[in-house]
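Content type compact mmCIF, C-alpha atoms, from the file final_15.txt:
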```
# COMPACT_ATOMS: atom_id res chain seq x y z
CA ASP A 1 -15.28 7.65 23.84
CA PRO A 2 -14.13 8.52 20.30
CA ASN A 3 -13.39 12.05 21.51
CA GLN A 4 -11.16 10.92 24.37
CA SER A 5 -8.21 13.22 24.99
CA ARG A 6 -5.07 12.24 23.16
CA TRP A 7 -3.15 12.78 26.41
CA ALA A 8 -4.50 9.45 27.67
CA GLU A 9 -2.99 7.74 24.62
CA ILE A 10 0.29 9.61 25.09
CA ALA A 11 0.44 8.47 28.71
CA MET A 12 -0.05 4.83 27.68
CA ILE A 13 2.61 5.05 24.97
CA ALA A 14 5.07 6.78 27.30
CA ALA A 15 4.59 4.10 29.97
CA GLY A 16 6.89 1.69 28.09
CA PRO A 17 9.93 4.02 27.87
CA ALA A 18 9.22 5.20 31.41
CA ALA A 19 9.42 1.62 32.65
CA SER A 20 12.79 1.22 30.89
CA LEU A 21 14.02 4.43 32.53
CA ALA A 22 12.87 3.29 35.97
CA ALA A 23 14.49 -0.12 35.49
CA GLY A 24 17.76 1.50 34.40
CA ALA A 25 17.75 3.85 37.39
CA ALA A 26 17.01 0.99 39.80
CA ALA A 27 19.78 -1.15 38.31
CA THR A 28 22.23 1.76 38.57
CA ALA A 29 21.39 2.30 42.23
CA ALA A 30 21.70 -1.41 42.95
CA ALA A 31 25.05 -1.62 41.13
CA PHE A 32 26.56 1.07 43.36
CA MET A 33 25.07 -0.50 46.48
CA VAL A 34 26.55 -3.99 45.88
CA LYS A 35 29.98 -2.86 44.74
CA GLY A 36 32.55 -3.71 47.38
CA THR A 37 30.17 -6.02 49.29
CA GLN A 38 29.67 -9.79 49.32
CA LEU A 39 27.30 -9.30 46.38
CA GLY A 40 29.94 -7.50 44.39
CA GLY A 41 29.91 -10.25 41.78
CA ALA A 42 26.55 -9.02 40.61
CA TRP A 43 27.94 -5.54 39.83
CA GLU A 44 28.65 -6.29 36.15
CA PHE A 45 25.19 -7.76 35.56
CA LEU A 46 23.51 -4.76 37.20
CA ALA A 47 25.68 -2.36 35.24
CA LEU A 48 24.68 -4.12 32.01
CA ALA A 49 20.99 -3.99 33.01
CA SER A 50 21.36 -0.31 33.80
CA THR A 51 22.92 0.41 30.41
CA PHE A 52 20.25 -1.57 28.60
CA GLY A 53 17.45 0.25 30.44
CA PHE A 54 18.79 3.72 29.61
CA ILE A 55 19.51 2.83 25.97
CA SER A 56 16.04 1.31 25.57
CA PHE A 57 14.48 4.45 27.05
CA ALA A 58 16.40 6.78 24.75
CA PHE A 59 16.04 4.66 21.61
CA ASN A 60 12.26 4.21 21.98
CA LEU A 61 11.77 7.97 22.25
CA ILE A 62 13.65 8.67 19.01
CA PRO A 63 10.96 9.45 16.40
CA LEU A 64 11.64 6.66 13.90
CA ARG A 65 9.38 5.15 11.28
CA PRO A 66 10.79 1.87 9.92
CA GLN A 67 8.48 0.88 7.03
CA ALA A 68 4.88 1.31 8.27
CA LEU A 69 5.73 1.03 11.97
CA TYR A 70 6.16 3.91 14.38
CA SER A 71 8.48 4.05 17.37
CA ASP A 72 7.04 5.25 20.69
CA GLY A 73 8.67 8.63 20.14
CA ALA A 74 7.20 8.91 16.64
CA ARG A 75 3.73 8.02 17.90
CA ILE A 76 3.94 10.62 20.68
CA TYR A 77 5.17 13.23 18.20
CA GLN A 78 2.34 12.38 15.81
CA LEU A 79 -0.25 12.76 18.56
CA LEU A 80 1.19 16.10 19.67
CA ALA A 81 1.51 17.38 16.12
CA GLY A 82 -1.88 16.09 14.94
CA GLY A 83 -0.29 13.77 12.37
CA VAL A 84 -1.33 10.40 11.02
CA TRP A 85 -1.09 8.70 14.40
CA ALA A 86 -3.54 11.20 15.85
CA ASP A 87 -5.96 10.17 13.11
CA TYR A 88 -5.29 6.50 13.81
CA HIS A 89 -5.93 7.15 17.51
CA ARG A 90 -9.35 8.63 16.69
CA VAL A 91 -10.15 5.82 14.25
CA SER A 92 -9.28 3.20 16.87
CA ASN A 93 -11.44 4.92 19.47
CA GLU A 94 -14.39 5.04 17.07
CA ALA A 95 -14.02 1.33 16.31
CA SER A 96 -14.16 0.57 20.03
CA ALA A 97 -17.10 2.93 20.56
CA ALA A 98 -19.07 1.18 17.80
CA LEU A 99 -18.60 -2.18 19.54
CA VAL A 100 -19.93 -1.04 22.91
CA GLY A 101 -22.16 1.95 22.11
CA GLY A 102 -24.60 3.29 19.59
CA LEU A 103 -22.10 4.81 17.15
CA ARG A 104 -22.94 3.55 13.66
CA ALA A 105 -20.36 2.97 10.95
CA ARG A 106 -22.01 5.60 8.75
CA ASP A 107 -21.25 8.16 11.49
CA TYR A 108 -17.49 7.52 11.50
CA ASP A 109 -15.07 10.36 10.82
CA ILE A 110 -14.28 9.37 7.24
CA GLY A 111 -11.73 12.17 6.88
CA ALA A 112 -9.65 10.78 9.76
CA ILE A 113 -10.07 7.26 8.37
CA GLN A 114 -8.81 8.21 4.92
CA ARG A 115 -5.87 10.20 6.30
CA ALA A 116 -4.88 7.26 8.52
CA ALA A 117 -5.15 4.87 5.56
CA ALA A 118 -3.02 7.13 3.37
CA GLY A 119 -0.39 7.53 6.10
CA ILE A 120 -0.16 3.81 6.91
CA PRO A 121 -0.01 1.99 3.55
CA HIS A 122 1.43 -1.34 4.74
CA GLY A 123 1.51 -3.69 7.71
CA PRO A 124 -1.13 -4.92 10.17
CA GLN A 125 -1.99 -1.42 11.37
CA ALA A 126 -3.04 -0.52 7.83
CA LEU A 127 -6.01 -2.88 8.05
CA LEU A 128 -8.13 -1.05 10.62
CA PRO A 129 -8.71 2.23 8.74
CA ARG A 130 -9.47 0.37 5.52
CA LEU A 131 -11.95 -1.95 7.20
CA MET A 132 -13.60 1.04 8.83
CA ALA A 133 -13.82 2.79 5.47
CA PHE A 134 -15.52 -0.33 4.10
CA SER A 135 -18.01 -0.30 6.99
CA TYR A 136 -18.62 3.43 6.60
CA PHE A 137 -19.46 3.19 2.90
CA LEU A 138 -21.43 -0.06 3.25
CA ASP A 139 -23.53 1.35 6.10
CA GLY A 140 -24.11 4.50 4.06
CA GLY A 141 -25.16 2.57 0.95
CA ASN A 142 -22.17 3.59 -1.19
CA LEU A 143 -21.39 0.11 -2.48
CA ALA A 144 -18.80 1.09 -5.07
CA GLU A 145 -16.64 2.83 -2.48
CA ALA A 146 -17.21 -0.02 -0.02
CA CYS A 147 -15.92 -2.57 -2.53
CA ALA A 148 -12.93 -0.35 -3.35
CA ALA A 149 -12.04 -0.10 0.35
CA LEU A 150 -12.23 -3.85 0.79
CA ARG A 151 -10.09 -4.48 -2.29
CA ASP A 152 -7.53 -2.10 -0.78
CA THR A 153 -7.66 -4.17 2.41
CA GLN A 154 -6.99 -7.30 0.39
CA ARG A 155 -4.05 -5.56 -1.27
CA VAL A 156 -2.52 -4.75 2.13
CA CYS A 157 -2.89 -8.37 3.22
CA GLU A 158 -1.22 -9.67 0.08
CA GLU A 159 1.59 -7.11 -0.16
CA SER A 160 2.40 -7.31 3.57
CA ALA A 161 2.06 -11.13 3.59
CA LEU A 162 -0.38 -10.91 6.49
CA GLU A 163 -2.25 -13.90 7.81
CA VAL A 164 -5.95 -13.35 7.07
CA PRO A 165 -8.04 -14.49 10.06
CA PRO A 166 -11.38 -16.17 9.32
CA GLY A 167 -13.28 -13.19 10.74
CA LEU A 168 -11.75 -10.94 8.07
CA GLY A 169 -11.90 -13.55 5.35
CA THR A 170 -15.67 -13.95 5.76
CA TRP A 171 -16.12 -10.23 5.01
CA PHE A 172 -14.04 -10.74 1.86
CA VAL A 173 -16.30 -13.62 0.79
CA PHE A 174 -19.45 -11.63 1.53
CA ALA A 175 -18.25 -8.61 -0.43
CA GLU A 176 -17.06 -10.62 -3.42
CA ALA A 177 -20.19 -12.78 -3.55
CA PHE A 178 -22.95 -10.35 -2.61
CA LEU A 179 -21.61 -6.95 -3.62
CA GLU A 180 -19.22 -7.68 -6.49
CA ARG A 181 -20.95 -10.87 -7.70
CA ASP A 182 -17.55 -12.38 -8.46
CA ALA A 183 -18.00 -16.11 -7.94
CA SER A 184 -14.38 -17.11 -8.59
CA ARG A 185 -12.86 -14.67 -6.11
CA ALA A 186 -15.53 -15.41 -3.51
CA ARG A 187 -14.92 -19.14 -3.84
CA ALA A 188 -11.14 -18.65 -3.61
CA TRP A 189 -11.47 -16.72 -0.33
CA TRP A 190 -13.96 -19.26 1.01
CA ASP A 191 -11.62 -22.15 0.26
CA ARG A 192 -8.83 -20.35 2.12
CA ILE A 193 -11.08 -19.99 5.16
CA GLU A 194 -12.22 -23.62 5.09
CA ALA A 195 -8.64 -24.84 4.67
CA LYS A 196 -7.76 -23.33 8.05
CA GLY A 197 -10.57 -25.16 9.82
CA VAL A 198 -12.98 -22.68 11.38
CA LYS A 199 -13.70 -23.68 14.99
CA HIS A 200 -16.06 -20.84 15.92
CA LYS A 201 -18.69 -20.30 13.24
CA ASP A 202 -20.08 -16.86 14.00
CA GLU A 203 -22.83 -14.97 12.21
CA MET A 204 -20.47 -13.65 9.53
CA TYR A 205 -19.31 -17.17 8.70
CA TRP A 206 -22.89 -18.14 7.91
CA LEU A 207 -23.60 -14.89 6.06
CA ALA A 208 -20.56 -15.46 3.84
CA LYS A 209 -21.62 -19.05 3.20
CA CYS A 210 -25.14 -17.86 2.39
CA ALA A 211 -23.94 -15.23 -0.08
CA LEU A 212 -21.64 -17.67 -1.84
CA ALA A 213 -24.26 -20.42 -2.02
CA GLU A 214 -26.82 -17.98 -3.40
CA LEU A 215 -24.39 -16.77 -6.05
CA GLU A 216 -23.59 -20.34 -7.07
CA GLY A 217 -27.27 -21.20 -7.34
CA ASN A 218 -27.59 -23.35 -4.20
CA ARG A 219 -30.74 -21.68 -2.88
CA ALA A 220 -31.60 -24.31 -0.24
CA GLU A 221 -28.07 -24.19 1.20
CA ALA A 222 -28.15 -20.39 1.12
CA MET A 223 -31.42 -20.24 3.07
CA GLU A 224 -30.18 -22.74 5.63
CA ALA A 225 -26.98 -20.72 6.17
CA TRP A 226 -28.97 -17.47 6.37
CA GLU A 227 -31.26 -18.86 9.07
CA ALA A 228 -28.32 -20.14 11.13
CA GLY A 229 -26.45 -16.84 10.87
CA ASN A 230 -29.45 -14.59 11.40
CA ALA A 231 -30.32 -16.43 14.61
CA LEU A 232 -26.84 -15.64 15.90
CA ALA A 233 -26.96 -12.04 14.65
CA GLN A 234 -30.16 -11.34 16.55
CA LYS A 235 -28.44 -12.36 19.79
CA LEU A 236 -25.56 -9.90 19.33
CA PRO A 237 -25.38 -6.81 21.56
CA HIS A 238 -27.38 -3.80 20.42
CA SER A 239 -24.39 -1.68 19.47
CA GLY A 240 -23.59 0.25 16.32
CA ALA A 241 -21.13 -2.27 14.88
CA TYR A 242 -23.52 -5.20 15.22
CA GLU A 243 -26.44 -3.25 13.78
CA LEU A 244 -24.48 -3.20 10.52
CA ASN A 245 -24.17 -6.99 10.67
CA ARG A 246 -27.91 -7.34 11.17
CA ASP A 247 -28.54 -4.94 8.30
CA CYS A 248 -26.41 -7.16 6.04
CA PHE A 249 -28.62 -10.12 6.87
CA ALA A 250 -31.71 -8.06 6.05
CA ARG A 251 -30.21 -7.02 2.70
CA VAL A 252 -29.36 -10.59 1.79
CA GLN A 253 -32.85 -11.77 2.74
CA THR A 254 -34.45 -9.05 0.60
CA ALA A 255 -32.22 -9.89 -2.35
CA MET A 256 -33.01 -13.59 -2.13
CA MET A 257 -36.75 -12.96 -1.83
CA MET A 258 -36.66 -10.64 -4.84
CA ASP A 259 -34.11 -12.81 -6.66
CA THR A 260 -32.36 -9.54 -7.47
CA PRO A 261 -28.69 -8.42 -7.24
CA VAL A 262 -27.86 -6.17 -4.32
CA ALA A 263 -27.37 -3.07 -6.48
CA ALA A 264 -30.94 -3.32 -7.69
CA VAL A 265 -32.17 -3.83 -4.13
CA ASP A 266 -30.45 -0.64 -3.04
CA ARG A 267 -31.96 1.31 -5.93
CA ALA A 268 -35.40 -0.01 -4.97
CA GLU A 269 -34.90 0.99 -1.34
CA GLU A 270 -33.82 4.48 -2.38
CA ALA A 271 -36.93 4.83 -4.55
```

Here is a file; write its structure as structure tokens.
Amino acid sequence: DPNQSRWAEIAMIAAGPAASLAAGAAATAAAFMVKGTQLGGAWEFLALASTFGFISFAFNLIPLRPQALYSDGARIYQLLAGGVWADYHRVSNEASAALVGGLRARDYDIGAIQRAAAGIPHGPQALLPRLMAFSYFLDGGNLAEACAALRDTQRVCEESALEVPPGLGTWFVFAEAFLERDASRARAWWDRIEAKGVKHKDEMYWLAKCALAELEGNRAEAMEAWEAGNALAQKLPHSGAYELNRDCFARVQTAMMMDTPVAAVDRAEEA
């Protein structure tokens, strides 16, 4: 539920510090119980565990923000104050809702997405809002903004030295080959994917291969990849996120049949 109460998120975040507090209290009680008994040798260890538990509890609740990360206390404060983490919380819920329900990418809260992206400029958590912005604009037919969002995602990966998983890399290839029509960048991303050795070739793997092959003039290879990927796409659950994937296959098919760049296809559809 993208409109789930933020108190549920606060409770989950607070569970970690609460566990540290409980462990510290239990260790304190045990330390006093064993002191002066045959188990008295364990007193120092229990005292150390008690100290660690209380310090961990207090430290995690201090609202700190080292680089792009947020401490538990900072995340709770953001949720209570309606800050960037509240936006990220909503964005994350919408991403989950699109995977299991009918929420389409074009129906995302783009305001929350853009605020979350602006507030989290680096690190792995910066990827989600940017990818959702890409999906929002792509699903809505705004290709220029979609490409800009994906380039921003690439920037985060490069500046934060993040490992790009094949599932993300295939979207990069698709966007560069089919939307931007940049053969060199599409080929560079594809070579990075292939170098890792893709074990599970999902529908997006084949769509990326199709788009690249079509751009490079390998029509037979493009059609073969499209057929393999489309067969997988049709078996995906009927949820909002996967409807976008199926739409991408339809767009590629139309472009190949018309032998026309995607921008022209979109203008024809609008007309």

One decimal, in Å: what's the spacing between CA of Tyr77 (chain A) and CA of Ala8 (chain A)? 14.1 Å

Could you check how far CA of Phe174 (chain A) sits from CA of Ala208 (chain A), in Å to one decimal?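 The value is 4.6 Å.
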
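Closest approach to Phe52 (chain A) among A:Ala23, A:Ala133, A:Ala98, A:Val84: A:Ala23, based on only C-alpha atoms.
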
Within 10 Å of (-15.3, -10.0, -3.2) (coordinates as in the file), grab all the protein and nucleic acid residues, counting only C-alpha atoms, and write them out as a ChimeraX atom specification. /A:147-148,150-151,154,169-189

Residues from last step as file, C-alpha atoms, as a PDB file, in the frame of the given file:
```
ATOM      1  CA  CYS A 147     -15.920  -2.570  -2.530  1.00  0.00           C
ATOM      2  CA  ALA A 148     -12.930  -0.350  -3.350  1.00  0.00           C
ATOM      3  CA  LEU A 150     -12.230  -3.850   0.790  1.00  0.00           C
ATOM      4  CA  ARG A 151     -10.090  -4.480  -2.290  1.00  0.00           C
ATOM      5  CA  GLN A 154      -6.990  -7.300   0.390  1.00  0.00           C
ATOM      6  CA  GLY A 169     -11.900 -13.550   5.350  1.00  0.00           C
ATOM      7  CA  THR A 170     -15.670 -13.950   5.760  1.00  0.00           C
ATOM      8  CA  TRP A 171     -16.120 -10.230   5.010  1.00  0.00           C
ATOM      9  CA  PHE A 172     -14.040 -10.740   1.860  1.00  0.00           C
ATOM     10  CA  VAL A 173     -16.300 -13.620   0.790  1.00  0.00           C
ATOM     11  CA  PHE A 174     -19.450 -11.630   1.530  1.00  0.00           C
ATOM     12  CA  ALA A 175     -18.250  -8.610  -0.430  1.00  0.00           C
ATOM     13  CA  GLU A 176     -17.060 -10.620  -3.420  1.00  0.00           C
ATOM     14  CA  ALA A 177     -20.190 -12.780  -3.550  1.00  0.00           C
ATOM     15  CA  PHE A 178     -22.950 -10.350  -2.610  1.00  0.00           C
ATOM     16  CA  LEU A 179     -21.610  -6.950  -3.620  1.00  0.00           C
ATOM     17  CA  GLU A 180     -19.220  -7.680  -6.490  1.00  0.00           C
ATOM     18  CA  ARG A 181     -20.950 -10.870  -7.700  1.00  0.00           C
ATOM     19  CA  ASP A 182     -17.550 -12.380  -8.460  1.00  0.00           C
ATOM     20  CA  ALA A 183     -18.000 -16.110  -7.940  1.00  0.00           C
ATOM     21  CA  SER A 184     -14.380 -17.110  -8.590  1.00  0.00           C
ATOM     22  CA  ARG A 185     -12.860 -14.670  -6.110  1.00  0.00           C
ATOM     23  CA  ALA A 186     -15.530 -15.410  -3.510  1.00  0.00           C
ATOM     24  CA  ARG A 187     -14.920 -19.140  -3.840  1.00  0.00           C
ATOM     25  CA  ALA A 188     -11.140 -18.650  -3.610  1.00  0.00           C
ATOM     26  CA  TRP A 189     -11.470 -16.720  -0.330  1.00  0.00           C
TER      27      TRP A 189
END
```

Can you tell me how far CA of Ala30 (chain A) sits from CA of Leu61 (chain A), in Å to one decimal? 24.8 Å

Residue nearest Val252 (chain A) among A:Ser96, A:Ser160, A:Thr51, A:Asn230 (counting only C-alpha atoms): A:Asn230

I'd like the neighbourhood of Gly53 (chain A) as a list in words, where a residue qualifies if any of its atoms comes within 6 Å (using all atoms listed in the file), though same-chain residues fewer than 5 positions away should be ignored.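 In the requested form, the answer reads Ser20, Leu21, Ala23 and Gly24 of chain A.
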
Using only C-alpha atoms, can you tell me which of A:Gly123, A:Pro165, A:Pro129, A:Gly240 comes closest to Tyr205 (chain A)?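 Looking only at the distances to Tyr205 (chain A), the closest residue turns out to be A:Pro165.
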
Of A:Glu94, A:Met256, A:Ile193, A:Asp139, the one sitting nearest Gly217 (chain A) when using all atoms listed in the file is A:Met256

Near-Gln253 (chain A) list (12 Å; all atoms listed in the file; drop same-chain fewer than 3 positions) as number ranges by chain: A: 178, 207, 210-211, 214, 219, 222-227, 229-230, 246-250, 256-262, 265

Using all atoms listed in the file, can you tell me which of A:Pro2, A:Thr254, A:Leu244, A:Arg130 comes closest to Ala105 (chain A)? A:Leu244

Could you tell me, as a ChimeraX atom specification, which residues have any atom at most 12 Å from (-4.4, 0.1, 9.4), counting all atoms listed in the file? /A:68-69,84-85,87-89,91-92,95,112-133,149,152-154,156-157,160
